[in-house]
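K.L.:
Input start_28.txt, format and content: compact mmCIF, C-alpha atoms.
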```
# COMPACT_ATOMS: atom_id res chain seq x y z
CA MET A 26 114.88 133.20 126.14
CA HIS A 27 115.62 129.48 125.69
CA THR A 28 114.34 127.96 122.43
CA TYR A 29 113.91 124.23 121.79
CA PHE A 30 113.17 121.88 118.89
CA LEU A 31 111.11 118.76 118.52
CA ASN A 32 113.48 116.44 116.68
CA PRO A 33 113.41 112.79 117.72
CA ASP A 34 116.35 110.71 116.63
CA GLU A 35 116.33 108.94 113.28
CA PRO A 36 115.12 105.32 113.54
CA SER A 37 118.02 103.13 114.67
CA ASP A 38 116.34 99.73 114.35
CA GLY A 39 116.98 99.25 110.63
CA THR A 40 113.63 100.79 109.63
CA THR A 41 115.25 103.01 106.98
CA GLU A 42 117.15 100.08 105.48
CA GLN A 43 114.02 97.93 105.34
CA ALA A 44 112.00 100.74 103.80
CA SER A 45 114.38 101.03 100.88
CA ARG A 46 113.47 97.44 99.89
CA LYS A 47 109.71 98.10 99.99
CA GLU A 48 107.92 100.15 97.38
CA GLY A 49 104.39 101.36 97.86
CA SER A 50 102.07 102.14 94.99
CA ALA A 51 99.85 104.81 96.58
CA THR A 52 100.37 108.48 97.33
CA LEU A 53 99.59 109.90 100.78
CA LEU A 54 98.64 113.54 101.25
CA VAL A 55 99.42 114.82 104.76
CA SER A 56 97.34 117.77 105.93
CA PRO A 57 98.98 120.30 108.27
CA PRO A 58 98.50 119.14 111.89
CA GLN A 59 95.93 121.21 113.78
CA ALA A 60 96.49 121.99 117.46
CA LYS A 61 93.96 121.77 120.24
CA ALA A 62 92.84 125.13 121.65
CA GLY A 63 95.63 126.69 123.72
CA PHE A 64 98.41 124.68 122.04
CA ASP A 65 98.84 126.45 118.68
CA THR A 66 101.68 128.53 120.08
CA THR A 67 105.44 128.47 120.45
CA ARG A 68 104.96 128.93 124.19
CA MET A 69 105.76 125.78 126.19
CA ALA A 70 102.70 124.66 128.12
CA TYR A 71 102.61 123.06 131.55
CA LEU A 72 100.07 121.97 134.14
CA LEU A 73 100.24 122.55 137.92
CA ARG A 74 96.63 121.57 138.51
CA SER A 75 93.86 120.07 136.39
CA HIS A 76 92.13 122.28 133.83
CA GLU A 77 94.62 125.16 134.07
CA VAL A 78 97.27 125.51 131.37
CA ARG A 79 100.24 127.76 132.08
CA TYR A 80 103.24 128.70 129.94
CA PHE A 81 106.92 128.96 130.85
CA ALA A 82 108.13 132.58 130.87
CA VAL A 83 111.58 132.20 129.26
CA HIS A 84 111.33 128.82 127.51
CA GLN A 85 109.69 128.32 124.12
CA TRP A 86 109.52 126.04 121.11
CA ALA A 87 111.29 127.14 117.90
CA ASP A 88 107.91 126.90 116.15
CA THR A 89 104.46 125.62 117.05
CA PRO A 90 104.43 121.88 117.82
CA GLY A 91 102.15 121.31 114.80
CA ARG A 92 104.55 122.95 112.36
CA MET A 93 107.51 121.09 113.86
CA LEU A 94 105.58 117.80 113.72
CA ALA A 95 104.64 118.03 110.02
CA PRO A 96 108.06 117.37 108.41
CA ILE A 97 108.96 114.73 111.01
CA LEU A 98 105.70 112.89 110.36
CA ARG A 99 106.26 113.01 106.59
CA ARG A 100 109.83 111.73 107.03
CA ASP A 101 108.70 108.77 109.14
CA LEU A 102 105.89 107.92 106.71
CA GLU A 103 108.32 108.04 103.77
CA GLN A 104 110.78 105.78 105.60
CA ALA A 105 108.04 103.23 106.31
CA GLY A 106 108.06 102.25 102.63
CA THR A 107 104.27 101.92 102.41
CA TRP A 108 103.97 104.84 100.00
CA ARG A 109 105.16 105.71 96.52
CA ALA A 110 105.15 109.33 97.71
CA VAL A 111 104.19 111.30 100.81
CA VAL A 112 103.25 114.88 99.97
CA GLN A 113 102.13 117.90 101.95
CA ALA A 114 98.67 119.35 101.46
CA SER A 115 99.96 122.38 99.55
CA ALA A 116 101.25 120.12 96.74
CA ALA A 117 99.02 120.04 93.66
CA VAL A 118 99.30 116.27 93.32
CA ARG A 119 96.57 113.71 92.87
CA SER A 120 96.66 111.46 95.93
CA ASP A 121 95.13 108.14 96.93
CA PHE A 122 94.87 108.75 100.69
CA ARG A 123 94.85 111.74 103.02
CA LEU A 124 96.00 111.86 106.63
CA ASP A 125 94.39 114.51 108.84
CA VAL A 126 95.89 115.19 112.28
CA ASP A 127 94.11 117.36 114.81
CA GLN A 128 93.63 117.90 118.54
CA LEU A 129 97.43 118.05 118.93
CA ALA A 130 98.46 118.92 122.49
CA LEU A 131 101.88 118.88 124.13
CA LEU A 132 102.43 119.80 127.77
CA GLN A 133 104.56 119.08 130.79
CA ASP A 134 102.41 117.83 133.66
CA PHE A 135 103.62 118.71 137.17
CA THR A 136 100.61 117.19 138.97
CA THR A 137 102.77 114.11 139.64
CA ARG A 138 106.44 113.71 140.52
CA PRO A 139 108.50 113.28 138.54
CA SER A 140 106.75 115.46 136.01
CA HIS A 141 105.89 113.93 132.67
CA ILE A 142 105.18 114.99 129.12
CA ARG A 143 101.80 114.27 127.64
CA LEU A 144 101.57 114.32 123.85
CA THR A 145 98.20 113.63 122.24
CA LEU A 146 96.70 113.83 118.79
CA SER A 147 93.83 112.44 116.77
CA ALA A 148 94.38 111.03 113.29
CA GLN A 149 91.99 110.24 110.49
CA LEU A 150 92.94 108.35 107.31
CA VAL A 151 90.76 109.00 104.27
CA ASP A 152 90.62 106.92 101.08
CA LEU A 153 90.26 109.71 98.51
CA LYS A 154 89.28 107.39 95.65
CA GLY A 155 86.54 105.69 97.65
CA GLN A 156 85.73 108.94 99.46
CA GLN A 157 85.52 107.29 102.85
CA VAL A 158 87.26 107.35 106.20
CA ILE A 159 89.12 104.06 106.61
CA GLY A 160 90.43 104.76 110.09
CA ALA A 161 90.25 107.23 112.96
CA ARG A 162 92.12 107.00 116.23
CA ARG A 163 93.39 109.04 119.16
CA PHE A 164 97.04 108.61 120.16
CA ASP A 165 98.57 109.39 123.55
CA ALA A 166 102.19 109.21 124.62
CA ILE A 167 103.30 109.88 128.17
CA GLU A 168 106.97 110.05 129.04
CA ALA A 169 108.62 110.83 132.39
CA ALA A 170 110.76 113.97 132.37
CA THR A 171 114.44 113.58 133.18
CA SER A 172 114.09 116.58 135.50
CA ASP A 173 111.32 118.86 136.73
CA ALA A 174 112.64 121.65 134.50
CA PRO A 175 111.69 122.75 130.99
CA TYR A 176 114.71 121.02 129.40
CA GLY A 177 113.77 117.74 131.11
CA GLY A 178 110.39 118.16 129.45
CA VAL A 179 111.99 118.80 126.06
CA GLU A 180 113.96 115.54 126.30
CA ALA A 181 110.80 113.67 127.32
CA ALA A 182 108.81 115.34 124.51
CA ASN A 183 111.24 114.04 121.92
CA ARG A 184 111.08 110.51 123.35
CA ALA A 185 107.28 110.69 123.48
CA LEU A 186 107.12 111.95 119.89
CA SER A 187 109.31 109.09 118.68
CA LYS A 188 107.03 106.52 120.35
CA LEU A 189 103.87 108.23 119.14
CA LEU A 190 105.10 108.40 115.53
CA ASP A 191 105.92 104.67 115.59
CA GLN A 192 102.32 104.01 116.67
CA VAL A 193 100.85 106.32 114.01
CA VAL A 194 102.93 104.82 111.18
CA ALA A 195 102.03 101.24 112.21
CA TRP A 196 98.34 102.16 112.51
CA ILE A 197 98.27 103.77 109.04
CA ASP A 198 99.97 100.73 107.52
CA ALA A 199 97.39 98.43 109.16
CA CYS A 200 94.51 100.64 107.93
CA VAL A 201 95.80 100.57 104.35
CA ARG A 202 96.31 96.78 104.41
CA ALA A 203 92.83 96.22 105.86
CA SER A 204 91.31 98.55 103.26
CA ALA A 205 93.10 96.75 100.42
CA SER A 206 91.85 93.36 101.64
CA ARG A 207 88.24 94.63 101.59
CA THR A 208 88.51 96.08 98.08
CA PRO A 209 87.35 93.62 95.35
```
For the structure just supplied, provide its representation as structure tokens.

P.N.:
Amino acid sequence: MHTYFLNPDEPSDGTTEQASRKEGSATLLVSPPQAKAGFDTTRMAYLLRSHEVRYFAVHQWADTPGRMLAPILRRDLEQAGTWRAVVQASAAVRSDFRLDVDQLALLQDFTTRPSHIRLTLSAQLVDLKGQQVIGARRFDAIEAATSDAPYGGVEAANRALSKLLDQVVAWIDACVRASASRTP
């Protein structure tokens, strides 16, 4: 059995350095990501034809994509500098905002050549004080595989995850700024 991790590289564009100069005042609670049906498994999914998900026989993820995504998402949100603290849902901490992630799906698509990774999720940002949704969006990242083999898909999945997380972090920051400008 071959076992793989989702672990995109640390930001190399100075994001961490810039974040240390910013200081947010709000706390963000991050709910555990919820997978789409068929994707809450360590089995690596792939597609040979539309509407039929298959799984590699001897290749797997070290954990479910949702559980591997959670700490990486928290790390990237912390490094953004928008928040005083980013906490997981199990923490008994009063929070200002909550991020819910669902419909997470990760698969290698062989319906085109070269194959590609498709990573999708839906996110919802909730203002807990105002008890309202301040943003909801679906995110998609597609990345060509370096080879039509499971490991080529793993490399593409990590690149796709890095791009997708950049989009999610920027979107959350924009939602919070827009919400603050509407608040009297």

K.L.:
Need the neighbours of (100.3, 120.1, 101.1): which residues are at most 9 Å away, counting only C-alpha atoms, as number ranges by chain?

P.N.:
A: 54-57, 112-118

K.L.:
Pick from A:Cys200, A:Leu94, A:Val151, A:Leu131: nearest to Ala166 (chain A), with all atoms listed in the file counted?

P.N.:
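Among A:Cys200, A:Leu94, A:Val151, A:Leu131, it is A:Leu131 that comes nearest to Ala166 (chain A).
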
K.L.:
Using the file's own x, y and z axes, what box holds all listed atoms of region 158-162 of chain A with 5 Å on each side, keeping edges along x, y and z, and what are its centre and edge lengths in Å to one decimal, as JSON?

P.N.:
```
{"center_x": 89.7, "center_y": 105.7, "center_z": 111.2, "size_x": 14.9, "size_y": 13.3, "size_z": 20.0}
```

K.L.:
Restricting the calculation to all atoms listed in the file: of A:Ser120, A:Gln59, A:Thr67, A:Gln85, which residue gets closest to Gly155 (chain A)?

P.N.:
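Counting all atoms listed in the file, the residue closest to Gly155 (chain A) is A:Ser120.
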
K.L.:
Just to confirm, what's the straight-line distance from CA of Gly160 (chain A) to CA of Asn32 (chain A) in Å (one decimal)?

P.N.:
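Answer for the CA of Gly160 (chain A) to CA of Asn32 (chain A) separation: 26.7 Å.
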
K.L.:
Enter the distance from CA of Leu186 (chain A) to CA of Ala105 (chain A), in Å, rounded to one decimal.

P.N.:
16.2 Å
